[in-house]
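**Student:** To be precise about what I am sending: the file is called work16.tsv and holds TSV, C-alpha atoms and all ligand atoms.
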```
chain	number	residue	atom	x	y	z
A	23	MET	CA	-2.91	-28.81	22.00
A	24	LYS	CA	0.40	-27.24	21.03
A	25	ASN	CA	1.71	-27.95	17.50
A	26	ALA	CA	-1.44	-29.88	16.56
A	27	VAL	CA	-2.22	-29.76	12.84
A	28	GLN	CA	-5.35	-27.71	12.07
A	29	LEU	CA	-7.08	-30.04	9.65
A	30	THR	CA	-9.70	-27.52	8.52
A	31	GLY	CA	-6.91	-25.56	6.83
A	32	LEU	CA	-5.82	-28.48	4.62
A	33	SER	CA	-6.96	-28.99	1.05
A	34	GLN	CA	-8.15	-32.47	0.08
A	35	PRO	CA	-4.77	-33.49	-1.47
A	36	ASP	CA	-2.93	-32.16	1.60
A	37	LEU	CA	-5.23	-34.06	3.93
A	38	VAL	CA	-4.68	-37.24	1.88
A	39	SER	CA	-0.89	-36.72	2.20
A	40	PHE	CA	-1.20	-36.03	5.92
A	41	LEU	CA	-3.07	-39.29	6.49
A	42	LYS	CA	-0.52	-41.13	4.35
A	43	THR	CA	2.16	-40.03	6.84
A	44	MET	CA	0.03	-41.82	9.44
A	45	GLY	CA	0.03	-45.00	7.31
A	46	GLU	CA	-3.54	-44.57	6.06
A	47	PRO	CA	-4.75	-45.10	2.46
A	48	ALA	CA	-5.84	-42.20	0.27
A	49	TYR	CA	-9.55	-42.94	0.61
A	50	ARG	CA	-9.36	-42.24	4.35
A	51	GLY	CA	-8.08	-38.76	3.59
A	52	ARG	CA	-10.96	-38.15	1.21
A	53	GLN	CA	-13.39	-39.47	3.80
A	54	LEU	CA	-12.00	-37.15	6.47
A	55	PHE	CA	-12.09	-34.16	4.11
A	56	ALA	CA	-15.78	-34.80	3.36
A	57	ALA	CA	-16.55	-35.14	7.07
A	58	LEU	CA	-14.83	-31.85	7.96
A	59	GLN	CA	-15.70	-29.75	4.95
A	60	HIS	CA	-18.94	-31.16	3.53
A	61	ARG	CA	-20.64	-32.47	6.67
A	62	ARG	CA	-19.00	-29.65	8.68
A	63	LEU	CA	-18.30	-31.92	11.65
A	64	ARG	CA	-16.12	-30.28	14.29
A	65	ASP	CA	-15.23	-33.16	16.56
A	66	PHE	CA	-13.42	-36.43	15.74
A	67	ASP	CA	-15.93	-38.31	17.91
A	68	GLU	CA	-18.69	-37.34	15.47
A	69	ILE	CA	-16.87	-38.82	12.47
A	70	THR	CA	-18.12	-42.30	13.18
A	71	ASP	CA	-17.39	-43.62	9.68
A	72	LEU	CA	-13.68	-43.52	10.57
A	73	PRO	CA	-12.32	-46.40	12.69
A	74	LYS	CA	-12.17	-45.59	16.38
A	75	ASP	CA	-8.42	-46.16	16.65
A	76	LEU	CA	-7.76	-43.76	13.76
A	77	ARG	CA	-9.90	-41.11	15.45
A	78	ALA	CA	-7.92	-41.61	18.65
A	79	ARG	CA	-4.60	-41.33	16.82
A	80	LEU	CA	-5.82	-38.22	14.99
A	81	SER	CA	-6.82	-36.51	18.19
A	82	GLU	CA	-3.26	-36.93	19.47
A	83	VAL	CA	-1.68	-34.99	16.59
A	84	ALA	CA	-4.40	-32.87	15.00
A	85	GLN	CA	-7.49	-30.77	15.59
A	86	ALA	CA	-10.82	-30.97	13.78
A	87	ALA	CA	-11.69	-27.46	14.97
A	88	THR	CA	-9.90	-24.72	16.84
A	89	LEU	CA	-12.27	-21.76	17.18
A	90	LYS	CA	-14.64	-21.61	20.12
A	91	VAL	CA	-17.80	-19.55	19.92
A	92	GLU	CA	-18.09	-17.40	23.01
A	93	SER	CA	-21.31	-15.58	22.15
A	94	GLU	CA	-23.79	-15.04	19.39
A	95	TYR	CA	-25.79	-11.84	18.93
A	96	LEU	CA	-28.99	-11.84	16.91
A	97	SER	CA	-30.11	-8.58	15.36
A	98	ASN	CA	-33.70	-7.43	14.83
A	99	ASP	CA	-33.04	-7.73	11.09
A	100	GLY	CA	-31.93	-11.39	11.29
A	101	THR	CA	-28.19	-10.67	11.11
A	102	ARG	CA	-26.11	-12.80	13.46
A	103	ARG	CA	-22.75	-11.86	14.89
A	104	TYR	CA	-20.44	-14.48	16.34
A	105	LEU	CA	-17.72	-13.60	18.76
A	106	MET	CA	-15.21	-16.43	18.85
A	107	LYS	CA	-11.84	-17.11	20.41
A	108	THR	CA	-8.77	-18.69	18.88
A	109	HIS	CA	-6.84	-21.41	20.75
A	110	ASP	CA	-4.53	-18.67	22.02
A	111	GLY	CA	-7.41	-16.54	23.32
A	112	LEU	CA	-7.71	-13.89	20.57
A	113	PRO	CA	-11.05	-12.55	19.34
A	114	VAL	CA	-12.43	-13.47	15.91
A	115	GLU	CA	-15.70	-12.03	14.62
A	116	THR	CA	-17.97	-13.25	11.87
A	117	VAL	CA	-21.30	-11.92	10.67
A	118	PHE	CA	-24.04	-13.91	8.94
A	119	ILE	CA	-26.42	-11.78	6.87
A	120	PRO	CA	-29.52	-13.54	5.51
A	121	GLU	CA	-31.02	-12.04	2.37
A	122	GLU	CA	-33.91	-13.04	0.17
A	123	ARG	CA	-32.00	-14.81	-2.54
A	124	ARG	CA	-28.68	-15.53	-0.85
A	125	ASP	CA	-26.83	-15.38	2.42
A	126	THR	CA	-23.68	-13.39	2.93
A	127	ILE	CA	-21.05	-14.30	5.47
A	128	CYS	CA	-18.67	-11.51	6.39
A	129	PHE	CA	-15.51	-13.08	7.81
A	130	SER	CA	-12.35	-11.80	9.41
A	131	SER	CA	-8.86	-12.29	8.05
A	132	GLN	CA	-7.01	-11.03	11.12
A	133	SER	CA	-7.66	-10.69	14.82
A	134	GLY	CA	-7.72	-6.90	15.19
A	135	CYS	CA	-6.15	-4.83	12.40
A	136	PRO	CA	-2.85	-3.00	11.98
A	137	LEU	CA	-4.33	-0.22	9.85
A	138	GLN	CA	-5.64	2.83	11.57
A	139	CYS	CA	-8.75	3.91	9.67
A	140	THR	CA	-10.26	6.53	11.92
A	141	PHE	CA	-13.89	5.56	11.19
A	142	CYS	CA	-13.41	1.92	12.19
A	143	LEU	CA	-13.71	0.43	15.64
A	144	THR	CA	-11.55	-2.59	14.77
A	145	ALA	CA	-8.58	-0.24	14.34
A	146	GLN	CA	-8.65	0.39	18.06
A	147	LEU	CA	-7.70	-3.22	18.78
A	148	GLY	CA	-4.46	-2.94	16.79
A	149	LEU	CA	-3.15	-6.12	15.15
A	150	LEU	CA	-3.34	-9.11	17.46
A	151	ARG	CA	-2.32	-11.59	14.74
A	152	SER	CA	-3.23	-12.82	11.28
A	153	LEU	CA	-5.60	-15.78	11.17
A	154	THR	CA	-4.58	-19.18	9.90
A	155	THR	CA	-6.19	-20.87	6.90
A	156	GLY	CA	-8.14	-23.17	9.24
A	157	GLU	CA	-9.40	-20.25	11.31
A	158	ILE	CA	-10.69	-18.55	8.18
A	159	VAL	CA	-12.48	-21.69	6.93
A	160	GLU	CA	-13.98	-22.47	10.33
A	161	GLN	CA	-15.74	-19.12	10.54
A	162	ILE	CA	-17.84	-20.09	7.52
A	163	GLN	CA	-18.53	-23.59	8.85
A	164	ILE	CA	-19.65	-22.26	12.23
A	165	ALA	CA	-21.98	-19.66	10.71
A	166	LEU	CA	-23.58	-22.21	8.34
A	167	ASN	CA	-23.97	-24.85	11.06
A	168	ASP	CA	-25.61	-22.34	13.34
A	169	ALA	CA	-27.96	-20.94	10.69
A	170	TYR	CA	-29.03	-24.27	9.15
A	171	GLY	CA	-27.83	-27.14	11.35
A	172	THR	CA	-24.66	-29.18	11.20
A	173	GLY	CA	-23.90	-30.18	7.64
A	174	VAL	CA	-27.29	-29.09	6.29
A	175	LYS	CA	-27.06	-27.71	2.75
A	176	PRO	CA	-27.89	-23.98	2.76
A	177	PRO	CA	-31.18	-23.41	0.90
A	178	ARG	CA	-29.79	-20.32	-0.83
A	179	GLY	CA	-26.41	-19.50	-2.33
A	180	THR	CA	-23.67	-18.35	0.04
A	181	ASN	CA	-21.60	-15.31	-0.74
A	182	LEU	CA	-18.48	-14.53	1.26
A	183	VAL	CA	-17.00	-11.12	1.91
A	184	ALA	CA	-13.63	-10.58	3.54
A	185	MET	CA	-14.79	-7.37	5.18
A	186	GLY	CA	-14.68	-8.36	8.84
A	187	ALA	CA	-11.76	-7.51	11.08
A	188	GLY	CA	-8.36	-7.10	9.48
A	189	GLU	CA	-6.82	-6.20	6.16
A	190	PRO	CA	-7.18	-9.34	4.02
A	191	LEU	CA	-4.37	-8.45	1.63
A	192	LEU	CA	-1.93	-8.43	4.56
A	193	ASN	CA	-2.82	-12.12	5.03
A	194	LEU	CA	-3.14	-12.99	1.37
A	195	ASP	CA	-1.42	-16.40	1.30
A	196	GLN	CA	-3.57	-17.86	4.09
A	197	LEU	CA	-6.64	-16.28	2.59
A	198	LEU	CA	-6.08	-17.72	-0.87
A	199	THR	CA	-5.39	-21.17	0.57
A	200	ALA	CA	-8.63	-20.93	2.57
A	201	LEU	CA	-10.55	-19.96	-0.57
A	202	ARG	CA	-9.11	-22.96	-2.43
A	203	VAL	CA	-10.10	-25.30	0.42
A	204	MET	CA	-13.63	-23.85	0.41
A	205	ALA	CA	-13.97	-24.10	-3.38
A	206	ASP	CA	-13.61	-27.91	-3.38
A	207	PRO	CA	-16.85	-29.48	-4.74
A	208	GLN	CA	-16.45	-32.27	-2.17
A	209	GLY	CA	-16.33	-29.70	0.61
A	210	LEU	CA	-18.09	-26.38	1.18
A	211	HIS	CA	-18.07	-25.75	-2.58
A	212	ILE	CA	-18.05	-21.96	-2.36
A	213	VAL	CA	-16.16	-20.84	-5.46
A	214	PRO	CA	-13.97	-17.68	-5.64
A	215	ASN	CA	-16.56	-16.11	-7.92
A	216	ARG	CA	-18.80	-15.95	-4.82
A	217	VAL	CA	-16.16	-14.18	-2.77
A	218	THR	CA	-15.28	-10.49	-2.50
A	219	VAL	CA	-12.16	-9.29	-0.76
A	220	SER	CA	-12.11	-5.73	0.48
A	221	THR	CA	-8.86	-3.84	0.89
A	222	ALA	CA	-7.88	-0.48	2.30
A	223	GLY	CA	-5.41	-0.28	-0.60
A	224	VAL	CA	-2.32	-2.47	-0.22
A	225	VAL	CA	-1.06	-1.71	-3.71
A	226	PRO	CA	1.60	-4.46	-4.17
A	227	ARG	CA	-0.88	-7.15	-3.10
A	228	ILE	CA	-3.56	-5.78	-5.46
A	229	LEU	CA	-1.05	-6.30	-8.26
A	230	ASP	CA	-0.28	-9.82	-6.98
A	231	LEU	CA	-3.97	-10.67	-6.84
A	232	ALA	CA	-4.41	-9.48	-10.42
A	233	LYS	CA	-2.04	-12.26	-11.56
A	234	ILE	CA	-4.06	-15.07	-9.97
A	235	SER	CA	-6.49	-16.86	-12.27
A	236	ASP	CA	-8.85	-18.25	-9.59
A	237	ARG	CA	-8.98	-14.97	-7.68
A	238	PRO	CA	-11.96	-13.55	-5.81
A	239	HIS	CA	-13.60	-10.21	-6.66
A	240	LEU	CA	-12.00	-7.08	-5.31
A	241	ALA	CA	-13.42	-4.08	-3.46
A	242	ILE	CA	-11.41	-1.01	-2.49
A	243	SER	CA	-12.34	1.12	0.47
A	244	LEU	CA	-11.86	4.72	-0.66
A	245	ALA	CA	-13.57	6.95	1.93
A	246	ALA	CA	-12.22	10.15	0.43
A	247	PRO	CA	-11.79	11.73	-3.01
A	248	THR	CA	-8.54	13.58	-2.21
A	249	ASP	CA	-5.19	12.58	-0.72
A	250	GLU	CA	-5.46	15.28	1.87
A	251	LEU	CA	-8.64	13.86	3.38
A	252	ARG	CA	-7.74	10.21	2.79
A	253	ASP	CA	-4.40	10.66	4.60
A	254	GLU	CA	-6.46	11.69	7.58
A	255	LEU	CA	-9.17	9.01	7.42
A	256	MET	CA	-7.08	6.10	6.16
A	257	PRO	CA	-3.39	6.58	7.02
A	258	ILE	CA	-2.42	3.77	4.60
A	259	ASN	CA	-2.93	6.47	1.96
A	260	LYS	CA	0.36	8.09	3.00
A	261	ARG	CA	2.13	4.91	1.88
A	262	TRP	CA	0.06	4.32	-1.28
A	263	PRO	CA	-1.68	7.53	-2.31
A	264	LEU	CA	-4.74	7.70	-4.56
A	265	GLU	CA	-2.90	7.96	-7.91
A	266	GLU	CA	-0.85	4.85	-7.14
A	267	LEU	CA	-3.89	3.01	-5.82
A	268	LEU	CA	-6.01	3.82	-8.85
A	269	SER	CA	-3.28	2.88	-11.27
A	270	ALA	CA	-3.08	-0.54	-9.50
A	271	CYS	CA	-6.87	-0.74	-9.89
A	272	LYS	CA	-6.45	-0.03	-13.60
A	273	THR	CA	-4.04	-2.97	-13.87
A	274	PHE	CA	-6.51	-5.12	-11.96
A	275	GLU	CA	-9.32	-3.99	-14.23
A	276	ARG	CA	-7.59	-5.65	-17.19
A	277	THR	CA	-8.20	-9.02	-15.49
A	278	LEU	CA	-11.95	-8.50	-14.96
A	279	LYS	CA	-14.18	-11.18	-16.39
A	280	PRO	CA	-17.24	-10.33	-18.51
A	281	GLY	CA	-19.87	-8.69	-16.30
A	282	GLU	CA	-17.43	-8.27	-13.39
A	283	ARG	CA	-16.77	-4.84	-11.93
A	284	LEU	CA	-14.34	-3.51	-9.42
A	285	THR	CA	-16.16	-2.12	-6.39
A	286	PHE	CA	-15.23	1.08	-4.58
A	287	GLU	CA	-16.63	1.33	-1.06
A	288	TYR	CA	-17.23	4.84	0.22
A	289	VAL	CA	-18.17	5.19	3.87
A	290	MET	CA	-20.28	8.32	4.30
A	291	LEU	CA	-19.41	10.51	7.25
A	292	ASP	CA	-21.66	13.44	8.04
A	293	GLY	CA	-19.99	16.74	7.17
A	294	VAL	CA	-16.62	15.07	6.51
A	295	ASN	CA	-16.69	13.48	3.05
A	296	ASP	CA	-20.29	13.88	1.83
A	297	SER	CA	-20.48	17.32	0.20
A	298	GLU	CA	-21.52	18.04	-3.39
A	299	GLU	CA	-18.01	19.18	-4.17
A	300	GLN	CA	-16.59	15.89	-2.84
A	301	ALA	CA	-19.07	13.91	-4.95
A	302	ARG	CA	-17.81	15.77	-8.03
A	303	GLN	CA	-14.19	15.19	-7.01
A	304	LEU	CA	-14.86	11.47	-6.60
A	305	ALA	CA	-16.60	11.18	-9.96
A	306	ASN	CA	-13.75	13.05	-11.66
A	307	LEU	CA	-11.14	10.86	-9.99
A	308	LEU	CA	-12.83	7.64	-11.14
A	309	ASN	CA	-13.62	8.96	-14.61
A	310	ARG	CA	-10.06	10.20	-15.11
A	311	HIS	CA	-8.84	6.63	-14.59
A	312	SER	CA	-11.83	5.26	-16.53
A	313	ILE	CA	-12.07	2.09	-14.48
A	314	LYS	CA	-14.97	-0.33	-15.04
A	315	SER	CA	-16.33	-0.04	-11.55
A	316	LYS	CA	-19.25	0.66	-9.28
A	317	VAL	CA	-19.42	2.66	-6.07
A	318	ASN	CA	-21.12	1.43	-2.92
A	319	LEU	CA	-22.07	4.26	-0.60
A	320	ILE	CA	-22.11	3.02	3.00
A	321	PRO	CA	-23.63	5.34	5.57
A	322	HIS	CA	-21.26	5.22	8.54
A	323	ASN	CA	-22.27	2.97	11.41
A	324	PRO	CA	-21.91	5.03	14.54
A	325	ALA	CA	-19.96	3.44	17.35
A	326	GLU	CA	-18.67	5.15	20.45
A	327	PRO	CA	-16.00	6.47	20.83
A	328	LEU	CA	-15.63	7.14	17.10
A	329	PRO	CA	-16.11	10.84	16.42
A	330	TYR	CA	-18.37	10.49	13.37
A	331	LEU	CA	-22.06	10.48	12.53
A	332	PRO	CA	-23.63	8.87	9.46
A	333	SER	CA	-24.48	11.14	6.55
A	334	THR	CA	-28.14	12.05	6.37
A	335	ASP	CA	-30.39	10.28	3.85
A	336	VAL	CA	-30.62	13.55	1.92
A	337	ALA	CA	-26.84	13.88	1.71
A	338	VAL	CA	-26.45	10.25	0.60
A	339	GLU	CA	-29.09	10.67	-2.11
A	340	ARG	CA	-27.54	13.92	-3.32
A	341	PHE	CA	-24.08	12.32	-3.44
A	342	LYS	CA	-25.44	9.35	-5.37
A	343	ASN	CA	-27.24	11.58	-7.89
A	344	ILE	CA	-24.10	13.58	-8.60
A	345	LEU	CA	-22.03	10.42	-9.16
A	346	GLU	CA	-24.68	8.96	-11.43
A	347	SER	CA	-25.04	12.18	-13.40
A	348	LYS	CA	-21.33	11.78	-14.21
A	349	GLY	CA	-21.76	8.20	-15.35
A	350	VAL	CA	-20.60	6.39	-12.19
A	351	HIS	CA	-22.70	3.33	-11.26
A	352	THR	CA	-23.67	3.94	-7.65
A	353	TYR	CA	-25.53	1.92	-5.02
A	354	VAL	CA	-26.43	2.66	-1.43
A	355	ARG	CA	-25.73	-0.19	0.98
A	356	ARG	CA	-28.38	-0.66	3.64
A	357	PRO	CA	-26.72	-1.12	7.05
A	358	ARG	CA	-27.34	-4.54	8.61
A	359	GLY	CA	-26.93	-5.58	12.22
A	360	ARG	CA	-26.15	-2.11	13.56
A	361	ASP	CA	-27.93	-2.87	16.84
A	362	ILE	CA	-25.54	-5.73	17.62
A	363	PHE	CA	-22.31	-4.04	16.47
A	364	ALA	CA	-22.19	-6.28	13.42
A	365	ALA	CA	-22.18	-3.58	10.75
A	366	CYS	CA	-19.19	-2.36	8.73
A	367	GLY	CA	-16.54	-0.77	10.90
A	368	GLN	CA	-18.17	-1.85	14.15
A	369	LEU	CA	-16.32	-5.10	14.80
A	370	ALA	CA	-14.27	-4.70	17.94
A	371	ALA	CA	-15.05	-7.82	19.93
A	372	ARG	CA	-17.83	-6.00	21.76
A	373	GLN	CA	-19.92	-7.83	24.27
A	374	THR	CA	-23.38	-6.29	24.34
A	375	THR	CA	-26.82	-7.22	25.54
A	376	LEU	CA	-28.62	-4.38	23.75
A	377	ASN	CA	-31.55	-5.54	21.57
A	378	THR	CA	-30.03	-8.93	21.23
A	379	ARG	CA	-30.42	-12.52	22.01
A	380	VAL	CA	-27.14	-13.62	23.51
A	381	VAL	CA	-26.24	-17.26	23.23
A	382	THR	CA	-23.10	-18.31	24.98
A	383	ASN	CA	-20.99	-21.34	24.13
A	384	LEU	CA	-23.25	-22.06	21.23
A	385	VAL	CA	-20.80	-24.01	19.13
A	386	GLY	CA	-17.76	-25.43	20.79
A	387	ALA	CA	-14.57	-26.45	19.06
A	388	ASN	CA	-13.07	-29.68	20.24
V	401	LIG	S1	-11.60	-0.39	7.93
V	401	LIG	FE1	-10.70	-2.41	7.58
V	401	LIG	S2	-8.54	-1.93	7.11
V	401	LIG	FE2	-9.38	-0.10	8.12
V	401	LIG	S3	-8.90	-0.41	10.32
V	401	LIG	FE3	-10.97	-1.25	9.94
V	401	LIG	S4	-10.63	-3.43	9.59
V	401	LIG	FE4	-8.65	-2.41	9.31
```
Could you render the structure from this file as structure tokens?
**Tutor:**
Amino acid sequence: MKNAVQLTGLSQPDLVSFLKTMGEPAYRGRQLFAALQHRRLRDFDEITDLPKDLRARLSEVAQAATLKVESEYLSNDGTRRYLMKTHDGLPVETVFIPEERRDTICFSSQSGCPLQCTFCLTAQLGLLRSLTTGEIVEQIQIALNDAYGTGVKPPRGTNLVAMGAGEPLLNLDQLLTALRVMADPQGLHIVPNRVTVSTAGVVPRILDLAKISDRPHLAISLAAPTDELRDELMPINKRWPLEELLSACKTFERTLKPGERLTFEYVMLDGVNDSEEQARQLANLLNRHSIKSKVNLIPHNPAEPLPYLPSTDVAVERFKNILESKGVHTYVRRPRGRDIFAACGQLAARQTTLNTRVVTNLVGAN
């Protein structure tokens, strides 16, 4: 439906105002918000506590859901990848990663991505468009409904990471609105403290984010310890080189809450950025800026036609030891969902039947 209002992108007060324009009292707006965001209903027909005529009028001007799930891929390790389509036919990918004490949902902020990181498959799609607030929120609803049943409270905590397709800081306004909608205790109730946004290094937006009190956590994808190599791997570095990026991180660091750290992600590419010398360069770079941070080493997830291989376990361990010997807190991130193209840098709307259970039209938007 053209020009229909996407209700999943509206906060509770905005939904109340929207229903007021339709001549409805405030409590109807609150009721509808709870149905969409708490009970995660995706079709007006299911919201049977609203009068039938109101549901009919709503369906003429608004949508309870816009994304359609085309396929779901289930990894051997329990990770699920959803390939969805927007109302205008663009791909959106979301990954659900179950863990012992919590679940993590990795969502997309854009369809495709305008940045050209050479180790990332998403880059090959280019930017199709930025996602709307509703499209961001719906990804989380769809993943939770699929994992636990419609509206069922997740048994563990839910963490969100904006590390799917796209550069989140190039869609910051929609993203922050989505996070505020999701934080509502009468809705999904996932607070910003549970959310990490990962950026390739859009310096002005890092500085904007630093000024926001209810901001999510921040992760920076570094991938290289020198400008020369980072220019090659992440061309955004030519616009905002390492010194500028790290000085923005220093500003951001001043806003960290007790116990919070800035995260640096470092994808490990065999023979490209994983030498002992590069580990020392990285430690020196971070120590020179003395930023309260930790480093996540992420062995590259191979994906044809990308020209890289993951660093060997030995190289990853050696790199980690050097960083730690120089006082840098370092962790190695175990890849999840590699077999279904759900791991970092592998999201490119791939249809695959390898090692997967494929479920088509699993969750339909109305
Ligand atoms: S790594 Fe992130 S920012 Fe870089 S191209 Fe891929 S999706 Fe875009």
**Student:** Output the neighbourhood of ligand LIG 401 (chain V) as a VMD selection string, that is, all protein and nucleic acid residues with some atom at most 6 Å from the ligand, counting only C-alpha atoms and all ligand atoms.
**Tutor:** chain A and resid 135 137 to 139 142 144 to 145 187 to 189 222 367
**Student:** Give the answer as one residue: which of A:Ile162, A:Leu54, A:Leu201, A:Ile313 has the shortest atom-to-atom distance to A:Phe118, using all atoms listed in the file?
**Tutor:** A:Ile162
**Student:** Rounded to one decimal, what separation in Å do you get between atom CA of A:Glu282 and atom CA of A:Arg252?
**Tutor:**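 Here the two named atoms are 26.4 Å from each other.
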**Student:** Using only C-alpha atoms, which of the listed residues (A:Thr116, A:Asn318, A:Thr277, A:Thr218) sits closest to A:Arg356?
**Tutor:**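 Comparing A:Thr116, A:Asn318, A:Thr277, A:Thr218 against A:Arg356, the winner is A:Asn318.
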**Student:** Please indicate the distance in Å from atom CA of A:Asn181 to atom CA of A:Val217, rounded to one decimal place.
**Tutor:**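 Rounded to one decimal, the two atoms are 5.9 Å apart.
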**Student:** What is the atom CA of A:Tyr95 to atom CA of A:Leu210 distance in Å?
**Tutor:**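 Answer for the atom CA of A:Tyr95 to atom CA of A:Leu210 separation: 24.2 Å.
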**Student:** Which residues, written as a list in words, have at least one atom at most 10 Å from A:Pro177, with only C-alpha atoms counted and residues fewer than 5 positions away on the same chain left out?
**Tutor:**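 The contact residues come out as Arg123, Arg124, Asp125 and Tyr170 of chain A.
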**Student:** Need to verify the contact set: A:Leu264, 10 Å, only C-alpha atoms, exclusion of same-chain residues closer than 6 positions in sequence. Can you return it as a PyMOL selection string?
**Tutor:** chain A and resi 223+244+246-250+252-253+270+307
**Student:** For the point (-10.0, -19.4, 25.1) in file coordinates, what residues are within 10 Å, counting all atoms listed in the file? Give the answer as JSON, numbers by chain?
**Tutor:** {"A": [88, 89, 90, 91, 92, 106, 107, 108, 109, 110, 111, 112, 113]}
**Student:** Determine, counting all atoms listed in the file, which protein, DNA and RNA residues have an atom within 8 Å of an atom of A:Arg283; residues of the same chain fewer than 2 positions away are not included. Present the result as a PyMOL selection string.
**Tutor:** chain A and resi 275+278+281+285+314-316
**Student:** Can you list, as an MDAnalysis selection string, every protein, DNA or RNA residue that comes within 12 Å of A:Pro73 when you count all atoms listed in the file, leaving out same-chain residues fewer than 5 positions away?
**Tutor:** chainID A and resid 46 50 53:54 66:68 78:80
**Student:** So which residues touch A:Val117 within 8 Å, counting only C-alpha atoms, skipping near sequence neighbours fewer than 6 positions away, as a compact mmCIF listing (two decimals) with C-alpha atoms, in the frame of the given file?
**Tutor:**
```
# COMPACT_ATOMS: atom_id res chain seq x y z
CA THR A 101 -28.19 -10.67 11.11
CA ARG A 102 -26.11 -12.80 13.46
CA ARG A 103 -22.75 -11.86 14.89
CA TYR A 104 -20.44 -14.48 16.34
CA ILE A 127 -21.05 -14.30 5.47
CA CYS A 128 -18.67 -11.51 6.39
CA PHE A 129 -15.51 -13.08 7.81
CA ALA A 165 -21.98 -19.66 10.71
CA GLY A 186 -14.68 -8.36 8.84
CA ALA A 364 -22.19 -6.28 13.42
```
**Student:** Tell me which of A:Asp292, A:Asp230, A:Glu346, A:Glu326 sits closest to A:Phe274, counting only C-alpha atoms.
**Tutor:**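 For A:Phe274, the nearest of the given residues is A:Asp230.
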**Student:** Is it possible to get the axis-aligned box enclosing stretch 275-288 of chain A (all listed atoms, 8 Å extra per side) as JSON, with centre and edge lengths in Å rounded to one decimal?
**Tutor:**
```
{"center_x": -13.7, "center_y": -3.2, "center_z": -9.1, "size_x": 28.3, "size_y": 32.0, "size_z": 34.7}
```
**Student:** Using all atoms listed in the file, find the one residue out of A:Asn309, A:Ser243, A:Thr273, A:Thr334 that sits nearest to A:Pro226.
**Tutor:**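 The shortest atom-to-atom distance to A:Pro226 comes from A:Thr273.
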**Student:** Write out N, CA and C atoms for stretch 64-78 of chain A, as a compact mmCIF listing (two decimals), in the frame of the given file.
**Tutor:**
```txt
# COMPACT_ATOMS: atom_id res chain seq x y z
N ARG A 64 -17.17 -31.04 13.61
CA ARG A 64 -16.12 -30.28 14.29
C ARG A 64 -15.51 -31.05 15.45
N ASP A 65 -15.74 -32.36 15.46
CA ASP A 65 -15.23 -33.16 16.56
C ASP A 65 -14.94 -34.56 16.01
N PHE A 66 -13.74 -35.09 16.27
CA PHE A 66 -13.42 -36.43 15.74
C PHE A 66 -14.45 -37.46 16.19
N ASP A 67 -14.98 -37.31 17.40
CA ASP A 67 -15.93 -38.31 17.91
C ASP A 67 -17.19 -38.41 17.04
N GLU A 68 -17.48 -37.33 16.32
CA GLU A 68 -18.69 -37.34 15.47
C GLU A 68 -18.44 -38.03 14.13
N ILE A 69 -17.17 -38.24 13.80
CA ILE A 69 -16.87 -38.82 12.47
C ILE A 69 -16.86 -40.34 12.63
N THR A 70 -18.03 -40.89 12.79
CA THR A 70 -18.12 -42.30 13.18
C THR A 70 -17.84 -43.26 12.02
N ASP A 71 -17.74 -42.73 10.79
CA ASP A 71 -17.39 -43.62 9.68
C ASP A 71 -15.87 -43.87 9.62
N LEU A 72 -15.11 -43.21 10.47
CA LEU A 72 -13.68 -43.52 10.57
C LEU A 72 -13.49 -44.50 11.73
N PRO A 73 -12.55 -45.46 11.59
CA PRO A 73 -12.32 -46.40 12.69
C PRO A 73 -11.95 -45.66 13.99
N LYS A 74 -12.37 -46.24 15.09
CA LYS A 74 -12.17 -45.59 16.38
C LYS A 74 -10.69 -45.34 16.68
N ASP A 75 -9.85 -46.32 16.32
CA ASP A 75 -8.42 -46.16 16.65
C ASP A 75 -7.80 -45.03 15.82
N LEU A 76 -8.28 -44.87 14.59
CA LEU A 76 -7.76 -43.76 13.76
C LEU A 76 -8.19 -42.42 14.37
N ARG A 77 -9.43 -42.35 14.82
CA ARG A 77 -9.90 -41.11 15.45
C ARG A 77 -9.06 -40.79 16.70
N ALA A 78 -8.73 -41.82 17.44
CA ALA A 78 -7.92 -41.61 18.65
C ALA A 78 -6.52 -41.14 18.28
```
